[in-house]
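Engineer: First, the structure itself, so that you have it in front of you.
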Amino acid sequence: DALPIYGQTIMARVYVPSRNEGDPSSPNFLQLFVKDNSSEAIGLYGATVNIPNSGGWIKLMLTVGTSGGNFNPTAIRHIGVKVGIGDQSTTTLTEPIYVDQIEFTEDYLIQFGFEQPSLASIDAEQLVNAGVKALRVFIFCDGRASPKFDDQNFVIGLDENDEKFFEDFDKLIFLAQEYNFQIIPVLFDYLLCADKEVSNGVQMFCRRELVQDQKRTHSFLTKALGPLLDKYGSAPEILYWDVINEPEWAISQTELPRAVAKEAAAKAVAAKVTFSDKVTLAEMQKFISSITAFIHDHPNSDTTKITVGSASSHWVDLWQDTGVDVCQFHFYDSTENIEFNFPSNCLLGEFAALPSMAMLSVREYLERAFENGYIGALPWSWRARDQYSPIFKSDRLELLSAISEFQIFHGVYNPNTNTDDLIR
């Protein structure tokens with residue numbers, strides 16, 4: 001489909017190996033371009049950027065406007081990078097060139113549908129080859145795509161007819177089977193309770209009534225979670241069910257022990273959301289308890305373990321009486337948590353995978369978690385595009401290398417022996 005991106009600025013980063021600069025009198029260069037959906041595919045090109053001798057990551061930009069001809073900036077079909085070779089160049093490109101982090105002024109979603117293999121398959125193979133045993137995957141998040149709500153915020157299904165949702169989840173299970181890893185599905189994110197926003201006719205956030213009202217919670221249990229458990233509740237590929245990610249950020253800070261107002265505000269700013277009304281601690285505890293009880297009572301998942309992704313080790317006790325089986329907390333080197341002195345036998349569900357944003361390297365985090373007797377440690381994140389995640393290929397390769405080195409040093413665990421060892 002064509003994208004209406006008139007006035008948008010596109011940015012991409014391209015990695016070029018060293019010694020590919022060409023002749024100084026006629027240098028090699030890179031150029032970002034777009035083409036419209038006309039039969040002639042008329043294009044618009046950004047500024048040329050000469051390739052330096054050192055190579056590395058090069059930033060390209062293009063603001064989509066009119067070109068004075070028949071070019072249509074409201075119907076873009078192709079986005080690409082031109083590699084220009086100078087007339088006098090003797091360069092022979094024998095190493096890969098990587099294109100990464102294509103972004104817009106506004107948050108357009110660009111998907112590249114490579115079928116053989118898919119991007120998800122490539123990711124899975126890379127991660128498993130490095131020694132990853134489990135992936136924490138977000139499912140409903142803030143409710144914008146699924147489950148389906150009526151105009152009173154009651155859940156009436158997974159989607160229009162549930163088929164698309166099950167098709168996507170089937171693919172996730174298939175990947176886990178094919179590449180031999182397990183999944184920790186995260187049902188919701190704290191952004192479920194943020195203030196309402198609408199993008200392209202789709203409501204984002206503002207489903208806090210699902211947490212606050214037992215009737216609406218019940219509608220989710222029977223219309224969405226029930227069908228999900230009917231089909232996947234006993235799937236061996238699912239390690240734990242994670243009820244909600246960092247629920248503390250949706251709760252009034254005055255109700256939290258050792259509450260950190262600055263961290264809560266920073267979290268909201270980073271997510272570009274506001275919270276004009278937060279849920280109470282009792283409401284969130286009741287919401288989580290309802291979900292854990294439903295999962296434990298379901299005949300297809302009565303032995304399944306459940307966790308909650310607490311935002312801090314200081315708050316894990318808030319959820320101990322809600323029916324969760326596995327203690328989990330997240331750690332991002334705040335001044336409150338600088339000591340890294342946490343209870344053992346917990347899952348370190350998130351820590352910064354980008355060394356520039358962390359107190360320790362990925363390898364050091366994994367070593368500390370192992371030494372402290374944690375169930376496992378999960379770097380954040382392979383696909384998130386935030387300041388804590390390895391967005392560029394070089395950072396991702398560094399992350400894979402750290403995981404691989406840790407596994408080689410300690411030995412790869414046998415997934416058929418002990419579930420608790422599975423994701424160490």
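Residues in the structure tokens are numbered from 1 in each chain, the chains being A, B, ... in the order shown, and ligands are numbered from 1 in the order shown.
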Which residues of segment 256-365 of chain A come within 12 Å of segment 229-245 of chain A, and for each one, what is the closest pair of atoms and their distance in Å to one decimal, counting only C-alpha atoms, sorted by chain and residue number, as CSV?

Structural biologist:
residue,atom,partner,partner_atom,distance
A:Met284,CA,A:Ile244,CA,9.9
A:Gln285,CA,A:Ile244,CA,11.0
A:Phe287,CA,A:Val243,CA,9.4
A:Ile288,CA,A:Val243,CA,6.7
A:Ser289,CA,A:Val243,CA,9.5
A:Ser290,CA,A:Val243,CA,10.3
A:Ile291,CA,A:Val243,CA,7.2
A:Thr292,CA,A:Val243,CA,7.7
A:Ala293,CA,A:Val243,CA,11.3
A:Phe294,CA,A:Leu229,CA,9.8
A:Ile295,CA,A:Leu229,CA,7.7
A:His296,CA,A:Gly233,CA,10.0
A:Asp297,CA,A:Leu229,CA,10.8
A:His298,CA,A:Leu229,CA,7.5
A:Pro299,CA,A:Asp230,CA,8.5
A:Asn300,CA,A:Gly233,CA,5.1
A:Ser301,CA,A:Gly233,CA,4.6
A:Asp302,CA,A:Gly233,CA,8.4
A:Thr303,CA,A:Ser234,CA,8.2
A:Thr304,CA,A:Tyr240,CA,6.6
A:Lys305,CA,A:Tyr240,CA,5.1
A:Ile306,CA,A:Trp241,CA,4.8
A:Thr307,CA,A:Asp242,CA,4.8
A:Val308,CA,A:Asp242,CA,5.2
A:Gly309,CA,A:Asn245,CA,4.7
A:Ser310,CA,A:Asn245,CA,6.8
A:Ala311,CA,A:Asn245,CA,7.7
A:Ser312,CA,A:Asn245,CA,11.2
A:Trp319,CA,A:Val243,CA,10.9
A:Thr322,CA,A:Val243,CA,10.7
A:Gly323,CA,A:Val243,CA,10.7
A:Val324,CA,A:Val243,CA,8.9
A:Asp325,CA,A:Tyr240,CA,9.1
A:Val326,CA,A:Tyr240,CA,8.3
A:Cys327,CA,A:Asp242,CA,10.6
A:Gln328,CA,A:Asp242,CA,9.4
A:Phe329,CA,A:Asn245,CA,9.7
A:His330,CA,A:Asn245,CA,9.6
A:Leu347,CA,A:Tyr240,CA,11.0
A:Gly349,CA,A:Asn245,CA,9.6
A:Glu350,CA,A:Asn245,CA,10.2

Engineer: I'd like the contact shell of Asp87 of chain A - 12 Å cut-off, only C-alpha atoms, skipping same-chain residues fewer than 5 positions apart - returned as a list in words.

Structural biologist: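 Counting only C-alpha atoms, the residues come to Gly22, Asp23, Pro24, Ser25, Ser26, Pro27, Asn28 and Phe29 of chain A.
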
Engineer: So the first atom is atom CA of Gln203 of chain A and the second is atom CA of Ala271 of chain A; what is the distance between them in Å, to one decimal place?

Structural biologist: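 Taking atom CA of Gln203 of chain A and atom CA of Ala271 of chain A, their separation equals 15.9 Å.
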
Engineer: Name the residues in contact with segment 147-157 of chain A at a cut-off of 10 Å, using only C-alpha atoms, excluding same-chain residues fewer than 2 positions from it; report them as a PyMOL selection string.

Structural biologist: chain A and resi 139-145+159-162+165+206-210+213+215-225+227

Engineer: Using the selection just defined, write its residues with C-alpha atoms as a PDB file, in the first residue's frame.

Structural biologist:
ATOM      1  CA  ILE A 139       0.420  -9.868  23.795  1.00  0.00           C
ATOM      2  CA  PHE A 140      -2.411  -7.380  24.539  1.00  0.00           C
ATOM      3  CA  CYS A 141      -0.303  -4.428  25.783  1.00  0.00           C
ATOM      4  CA  ASP A 142      -2.667  -1.407  26.054  1.00  0.00           C
ATOM      5  CA  GLY A 143      -5.552  -3.083  24.221  1.00  0.00           C
ATOM      6  CA  ARG A 144      -5.306  -1.152  20.954  1.00  0.00           C
ATOM      7  CA  ALA A 145      -5.333  -4.212  18.679  1.00  0.00           C
ATOM      8  CA  ASP A 159     -10.680  -9.721  17.512  1.00  0.00           C
ATOM      9  CA  GLU A 160     -13.441  -9.626  14.931  1.00  0.00           C
ATOM     10  CA  ASN A 161     -13.717 -13.415  14.750  1.00  0.00           C
ATOM     11  CA  ASP A 162     -10.646 -14.539  16.754  1.00  0.00           C
ATOM     12  CA  PHE A 165      -5.349 -13.486  16.708  1.00  0.00           C
ATOM     13  CA  CYS A 206      -7.517   4.257  28.590  1.00  0.00           C
ATOM     14  CA  ARG A 207      -8.803   0.787  29.458  1.00  0.00           C
ATOM     15  CA  ARG A 208      -8.378   1.303  33.198  1.00  0.00           C
ATOM     16  CA  GLU A 209     -11.998   0.230  33.785  1.00  0.00           C
ATOM     17  CA  LEU A 210     -10.830  -3.266  32.910  1.00  0.00           C
ATOM     18  CA  ASP A 213     -14.462  -2.971  37.498  1.00  0.00           C
ATOM     19  CA  LYS A 215     -17.656  -7.061  35.585  1.00  0.00           C
ATOM     20  CA  ARG A 216     -15.314  -5.797  32.891  1.00  0.00           C
ATOM     21  CA  THR A 217     -12.505  -7.975  34.240  1.00  0.00           C
ATOM     22  CA  HIS A 218     -14.866 -10.936  34.024  1.00  0.00           C
ATOM     23  CA  SER A 219     -15.642 -10.088  30.397  1.00  0.00           C
ATOM     24  CA  PHE A 220     -11.908 -10.312  29.615  1.00  0.00           C
ATOM     25  CA  LEU A 221     -11.587 -13.634  31.431  1.00  0.00           C
ATOM     26  CA  THR A 222     -14.498 -15.286  29.646  1.00  0.00           C
ATOM     27  CA  LYS A 223     -14.292 -13.699  26.188  1.00  0.00           C
ATOM     28  CA  ALA A 224     -10.514 -13.456  25.678  1.00  0.00           C
ATOM     29  CA  LEU A 225      -8.379 -15.258  28.248  1.00  0.00           C
ATOM     30  CA  PRO A 227     -10.418 -18.997  24.575  1.00  0.00           C
TER      31      PRO A 227
END

Engineer: Tell me, which residues of segment 145-346 of chain A carry DSSP alpha helix (DSSP H), written as a PyMOL selection string?

Structural biologist: chain A and resi 163-179+209-212+214-220+226-232+261-271+281-297

Engineer: Got time to write the residues from that selection, C-alpha atoms, as a PDB file, in the first residue's frame?

Structural biologist:
ATOM      1  CA  GLU A 163      -9.083 -16.088  13.635  1.00  0.00           C
ATOM      2  CA  LYS A 164      -6.426 -13.428  13.074  1.00  0.00           C
ATOM      3  CA  PHE A 165      -5.349 -13.486  16.708  1.00  0.00           C
ATOM      4  CA  PHE A 166      -5.021 -17.272  16.729  1.00  0.00           C
ATOM      5  CA  GLU A 167      -3.181 -17.184  13.412  1.00  0.00           C
ATOM      6  CA  ASP A 168      -0.559 -14.850  14.899  1.00  0.00           C
ATOM      7  CA  PHE A 169      -0.267 -16.833  18.137  1.00  0.00           C
ATOM      8  CA  ASP A 170       0.050 -20.076  16.164  1.00  0.00           C
ATOM      9  CA  LYS A 171       3.055 -18.576  14.359  1.00  0.00           C
ATOM     10  CA  LEU A 172       4.635 -17.689  17.698  1.00  0.00           C
ATOM     11  CA  ILE A 173       4.144 -21.236  19.012  1.00  0.00           C
ATOM     12  CA  PHE A 174       5.485 -22.663  15.743  1.00  0.00           C
ATOM     13  CA  LEU A 175       8.661 -20.566  16.035  1.00  0.00           C
ATOM     14  CA  ALA A 176       9.161 -21.783  19.599  1.00  0.00           C
ATOM     15  CA  GLN A 177       8.794 -25.376  18.440  1.00  0.00           C
ATOM     16  CA  GLU A 178      11.042 -24.964  15.423  1.00  0.00           C
ATOM     17  CA  TYR A 179      13.878 -23.193  17.243  1.00  0.00           C
ATOM     18  CA  GLU A 209     -11.998   0.230  33.785  1.00  0.00           C
ATOM     19  CA  LEU A 210     -10.830  -3.266  32.910  1.00  0.00           C
ATOM     20  CA  VAL A 211      -8.741  -3.111  36.090  1.00  0.00           C
ATOM     21  CA  GLN A 212     -11.190  -1.202  38.274  1.00  0.00           C
ATOM     22  CA  GLN A 214     -14.929  -6.669  38.224  1.00  0.00           C
ATOM     23  CA  LYS A 215     -17.656  -7.061  35.585  1.00  0.00           C
ATOM     24  CA  ARG A 216     -15.314  -5.797  32.891  1.00  0.00           C
ATOM     25  CA  THR A 217     -12.505  -7.975  34.240  1.00  0.00           C
ATOM     26  CA  HIS A 218     -14.866 -10.936  34.024  1.00  0.00           C
ATOM     27  CA  SER A 219     -15.642 -10.088  30.397  1.00  0.00           C
ATOM     28  CA  PHE A 220     -11.908 -10.312  29.615  1.00  0.00           C
ATOM     29  CA  GLY A 226     -10.653 -18.321  28.335  1.00  0.00           C
ATOM     30  CA  PRO A 227     -10.418 -18.997  24.575  1.00  0.00           C
ATOM     31  CA  LEU A 228      -6.668 -18.309  24.749  1.00  0.00           C
ATOM     32  CA  LEU A 229      -6.198 -20.909  27.490  1.00  0.00           C
ATOM     33  CA  ASP A 230      -8.525 -23.364  25.764  1.00  0.00           C
ATOM     34  CA  LYS A 231      -6.100 -23.510  22.877  1.00  0.00           C
ATOM     35  CA  TYR A 232      -2.678 -22.792  24.422  1.00  0.00           C
ATOM     36  CA  ALA A 261       8.021  10.004  41.956  1.00  0.00           C
ATOM     37  CA  LYS A 262      10.799  11.102  39.603  1.00  0.00           C
ATOM     38  CA  GLU A 263      11.079   7.614  38.116  1.00  0.00           C
ATOM     39  CA  ALA A 264       7.319   7.414  37.601  1.00  0.00           C
ATOM     40  CA  ALA A 265       7.280  10.794  35.874  1.00  0.00           C
ATOM     41  CA  ALA A 266      10.251   9.841  33.707  1.00  0.00           C
ATOM     42  CA  LYS A 267       8.540   6.588  32.734  1.00  0.00           C
ATOM     43  CA  ALA A 268       5.453   8.479  31.570  1.00  0.00           C
ATOM     44  CA  VAL A 269       7.526  11.005  29.639  1.00  0.00           C
ATOM     45  CA  ALA A 270       9.509   8.236  27.915  1.00  0.00           C
ATOM     46  CA  ALA A 271       6.271   6.551  26.887  1.00  0.00           C
ATOM     47  CA  LEU A 281      -3.186  -0.610  44.741  1.00  0.00           C
ATOM     48  CA  ALA A 282      -6.185  -2.661  45.927  1.00  0.00           C
ATOM     49  CA  GLU A 283      -7.780  -2.487  42.464  1.00  0.00           C
ATOM     50  CA  MET A 284      -4.605  -3.683  40.764  1.00  0.00           C
ATOM     51  CA  GLN A 285      -4.130  -6.483  43.287  1.00  0.00           C
ATOM     52  CA  LYS A 286      -7.728  -7.605  42.742  1.00  0.00           C
ATOM     53  CA  PHE A 287      -7.276  -7.489  38.961  1.00  0.00           C
ATOM     54  CA  ILE A 288      -4.128  -9.623  39.098  1.00  0.00           C
ATOM     55  CA  SER A 289      -5.717 -12.035  41.597  1.00  0.00           C
ATOM     56  CA  SER A 290      -8.718 -12.526  39.316  1.00  0.00           C
ATOM     57  CA  ILE A 291      -6.480 -13.432  36.384  1.00  0.00           C
ATOM     58  CA  THR A 292      -4.179 -15.740  38.340  1.00  0.00           C
ATOM     59  CA  ALA A 293      -7.158 -17.567  39.882  1.00  0.00           C
ATOM     60  CA  PHE A 294      -8.768 -17.973  36.440  1.00  0.00           C
ATOM     61  CA  ILE A 295      -5.563 -19.436  34.972  1.00  0.00           C
ATOM     62  CA  HIS A 296      -4.980 -21.783  37.911  1.00  0.00           C
ATOM     63  CA  ASP A 297      -8.615 -22.950  37.848  1.00  0.00           C
TER      64      ASP A 297
END

Engineer: Let me make sure I understand: among A:Arg77, A:Arg19, A:Lys393, A:Lys82, which one has the smallest atom-to-atom distance to Asn53 of chain A if we use only C-alpha atoms?

Structural biologist: A:Arg19

Engineer: Take atom CA of Leu256 of chain A and atom CA of Thr274 of chain A and report the distance between them in Å, one decimal.

Structural biologist: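 About the pair atom CA of Leu256 of chain A and atom CA of Thr274 of chain A: they are 18.9 Å apart.
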
Engineer: Rank nothing, just name the residue among A:Ser89, A:Thr254, A:Thr105, A:Ser276 nearest to Asp195 of chain A, using only C-alpha atoms.

Structural biologist: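 Closest residue, counting only C-alpha atoms: A:Ser276.
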
Engineer: Between atom CA of Gly80 of chain A and atom CA of Tyr388 of chain A, what is the distance in Å, rounded to a tenth?

Structural biologist: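 Interatomic distance here is 27.4 Å.
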
Engineer: Could you list, as an mmCIF file with N, CA, C and O atoms, in the first residue's frame, every residue within 8 Å of Phe138 of chain A, counting only C-alpha atoms and ignoring same-chain residues fewer than 6 positions away?

Structural biologist:
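Dumped to around_12.cif:
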data_model
loop_
_atom_site.group_PDB
_atom_site.id
_atom_site.type_symbol
_atom_site.label_atom_id
_atom_site.label_comp_id
_atom_site.auth_asym_id
_atom_site.auth_seq_id
_atom_site.Cartn_x
_atom_site.Cartn_y
_atom_site.Cartn_z
ATOM 1 N N PRO A 185 4.423 -15.188 27.715
ATOM 2 C CA PRO A 185 3.480 -14.191 27.186
ATOM 3 C C PRO A 185 3.111 -13.175 28.277
ATOM 4 O O PRO A 185 2.694 -13.563 29.375
ATOM 5 N N VAL A 186 3.271 -11.893 27.964
ATOM 6 C CA VAL A 186 2.881 -10.811 28.872
ATOM 7 C C VAL A 186 1.504 -10.326 28.423
ATOM 8 O O VAL A 186 1.364 -9.774 27.332
ATOM 9 N N LEU A 187 0.494 -10.527 29.250
ATOM 10 C CA LEU A 187 -0.862 -10.194 28.828
ATOM 11 C C LEU A 187 -1.043 -8.695 28.630
ATOM 12 O O LEU A 187 -1.477 -8.241 27.574
ATOM 13 N N PHE A 188 -0.718 -7.881 29.662
ATOM 14 C CA PHE A 188 -0.967 -6.443 29.591
ATOM 15 C C PHE A 188 0.265 -5.644 29.983
ATOM 16 O O PHE A 188 1.205 -6.165 30.594
ATOM 17 N N ASP A 189 0.218 -4.362 29.641
ATOM 18 C CA ASP A 189 1.235 -3.402 30.044
ATOM 19 C C ASP A 189 0.558 -2.319 30.887
ATOM 20 O O ASP A 189 -0.652 -2.086 30.758
#

Engineer: Check the smallest atom-to-atom distance from each of A:Lys35, A:Glu21, A:Phe392, A:Asp317 to Gln88 of chain A using only C-alpha atoms, then report the winner.

Structural biologist: A:Glu21

Engineer: Which residue is closest to Phe370 of chain A? Choose from A:Phe33, A:Trp315, A:Trp249, A:Phe409 and count only C-alpha atoms.

Structural biologist: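 Ranking A:Phe33, A:Trp315, A:Trp249, A:Phe409 by distance to Phe370 of chain A, first place goes to A:Phe409.
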
Engineer: For Ser38 of chain A, which of A:Ser18, A:Thr74, A:Asn372, A:Ser54 is the closest residue, counting only C-alpha atoms?

Structural biologist: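 Ranking A:Ser18, A:Thr74, A:Asn372, A:Ser54 by distance to Ser38 of chain A, first place goes to A:Thr74.
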
Engineer: Name the residues of segment 300-373 of chain A that come out as strand (DSSP E or B) in a backbone DSSP run; write them as a VMD selection string.

Structural biologist: chain A and resid 305 to 310 326 328 to 331 347 to 352

Engineer: Could you pull the residues within 12 Å of segment 353-363 of chain A, counting only C-alpha atoms, minus those fewer than 6 positions along the same chain, as a PyMOL selection string?

Structural biologist: chain A and resi 331-335+337-340+369-370+377-392+394-410

Engineer: Give me the residues near segment 4-14 of chain A as a ChimeraX atom specification, where near means some atom within 9 Å (using only C-alpha atoms) and where sequence neighbours in that chain fewer than 4 positions away do not count.

Structural biologist: /A:30,32,56-66,72-76,81,97-106,392

Engineer: Using N, CA, C and O atoms, can you export the residues from the last selection as a CSV table (one decimal), in the first residue's frame?

Structural biologist:
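File produced: again_19.csv:
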chain,number,residue,atom,x,y,z
A,30,LEU,N,26.2,7.8,-0.4
A,30,LEU,CA,24.9,7.2,-0.1
A,30,LEU,C,23.8,8.2,-0.2
A,30,LEU,O,24.1,9.4,0.0
A,32,LEU,N,19.4,8.6,0.5
A,32,LEU,CA,18.0,8.1,0.8
A,32,LEU,C,17.0,8.5,-0.3
A,32,LEU,O,17.1,9.7,-0.7
A,56,GLY,N,31.5,2.6,8.9
A,56,GLY,CA,30.7,2.8,10.1
A,56,GLY,C,29.3,3.1,9.7
A,56,GLY,O,28.8,3.1,8.6
A,57,TRP,N,28.5,3.5,10.8
A,57,TRP,CA,27.1,3.9,10.6
A,57,TRP,C,27.0,5.3,10.1
A,57,TRP,O,27.6,6.3,10.7
A,58,ILE,N,26.2,5.5,9.1
A,58,ILE,CA,26.0,6.8,8.4
A,58,ILE,C,24.6,7.2,8.5
A,58,ILE,O,23.7,6.4,8.1
A,59,LYS,N,24.3,8.4,8.9
A,59,LYS,CA,22.9,8.8,9.0
A,59,LYS,C,22.4,9.5,7.7
A,59,LYS,O,23.1,10.4,7.2
A,60,LEU,N,21.3,9.1,7.2
A,60,LEU,CA,20.7,9.7,6.0
A,60,LEU,C,19.3,10.3,6.3
A,60,LEU,O,18.6,9.7,7.1
A,61,MET,N,19.0,11.4,5.7
A,61,MET,CA,17.7,12.1,6.0
A,61,MET,C,17.1,12.6,4.7
A,61,MET,O,17.8,12.9,3.7
A,62,LEU,N,15.8,12.6,4.7
A,62,LEU,CA,15.0,13.1,3.5
A,62,LEU,C,13.7,13.6,4.0
A,62,LEU,O,13.0,12.9,4.6
A,63,THR,N,13.4,14.9,3.7
A,63,THR,CA,12.1,15.4,3.9
A,63,THR,C,11.2,15.3,2.7
A,63,THR,O,11.6,15.8,1.6
A,64,VAL,N,10.1,14.7,2.8
A,64,VAL,CA,9.3,14.4,1.6
A,64,VAL,C,8.4,15.6,1.3
A,64,VAL,O,7.5,15.9,2.1
A,65,GLY,N,8.7,16.2,0.2
A,65,GLY,CA,7.9,17.3,-0.3
A,65,GLY,C,7.5,17.1,-1.8
A,65,GLY,O,7.5,16.0,-2.3
A,66,THR,N,7.3,18.2,-2.5
A,66,THR,CA,7.1,18.1,-3.9
A,66,THR,C,8.4,18.3,-4.7
A,66,THR,O,9.3,19.0,-4.2
A,72,ASN,N,4.3,12.2,-6.6
A,72,ASN,CA,3.2,12.3,-5.6
A,72,ASN,C,3.6,11.9,-4.2
A,72,ASN,O,3.8,10.8,-3.9
A,73,PRO,N,3.9,12.9,-3.4
A,73,PRO,CA,4.4,12.6,-2.0
A,73,PRO,C,3.3,12.0,-1.1
A,73,PRO,O,3.6,11.7,0.1
A,74,THR,N,2.1,12.0,-1.5
A,74,THR,CA,1.0,11.4,-0.7
A,74,THR,C,0.8,9.9,-1.0
A,74,THR,O,-0.1,9.3,-0.4
A,75,ALA,N,1.6,9.3,-1.9
A,75,ALA,CA,1.4,7.9,-2.3
A,75,ALA,C,2.7,7.3,-2.5
A,75,ALA,O,3.1,6.9,-3.6
A,76,ILE,N,3.5,7.1,-1.4
A,76,ILE,CA,4.8,6.5,-1.5
A,76,ILE,C,4.8,5.0,-1.4
A,76,ILE,O,4.2,4.5,-0.4
A,81,VAL,N,17.8,3.1,-0.3
A,81,VAL,CA,19.1,3.7,-0.2
A,81,VAL,C,19.9,3.5,-1.4
A,81,VAL,O,20.0,2.3,-1.9
A,97,ILE,N,26.4,-4.5,3.4
A,97,ILE,CA,26.0,-3.1,3.8
A,97,ILE,C,24.6,-3.3,4.5
A,97,ILE,O,23.7,-3.9,4.0
A,98,TYR,N,24.5,-2.7,5.7
A,98,TYR,CA,23.3,-2.9,6.5
A,98,TYR,C,22.5,-1.6,6.6
A,98,TYR,O,23.1,-0.5,6.7
A,99,VAL,N,21.2,-1.8,6.4
A,99,VAL,CA,20.3,-0.6,6.6
A,99,VAL,C,19.5,-0.9,7.8
A,99,VAL,O,18.9,-2.0,8.0
A,100,ASP,N,19.4,0.1,8.7
A,100,ASP,CA,18.7,-0.1,10.0
A,100,ASP,C,18.0,1.2,10.4
A,100,ASP,O,18.3,2.3,10.0
A,101,GLN,N,17.1,1.0,11.4
A,101,GLN,CA,16.4,2.1,12.1
A,101,GLN,C,15.8,3.1,11.1
A,101,GLN,O,16.1,4.3,11.1
A,102,ILE,N,14.9,2.7,10.3
A,102,ILE,CA,14.2,3.6,9.4
A,102,ILE,C,13.0,4.3,10.3
A,102,ILE,O,12.2,3.6,10.8
A,103,GLU,N,13.1,5.6,10.4
A,103,GLU,CA,12.1,6.3,11.2
A,103,GLU,C,11.5,7.5,10.5
A,103,GLU,O,12.1,8.0,9.5
A,104,PHE,N,10.4,7.9,11.0
A,104,PHE,CA,9.7,9.1,10.4
A,104,PHE,C,9.5,10.1,11.5
A,104,PHE,O,9.6,9.8,12.7
A,105,THR,N,9.1,11.3,11.1
A,105,THR,CA,8.8,12.3,12.1
A,105,THR,C,7.6,11.9,12.9
A,105,THR,O,7.6,12.1,14.2
A,106,GLU,N,6.6,11.2,12.3
A,106,GLU,CA,5.6,10.6,13.1
A,106,GLU,C,5.8,9.1,13.1
A,106,GLU,O,6.5,8.5,12.3
A,392,PHE,N,20.8,-0.6,16.9
A,392,PHE,CA,21.7,-0.8,15.7
A,392,PHE,C,22.2,-2.2,15.7
A,392,PHE,O,22.4,-2.9,16.7
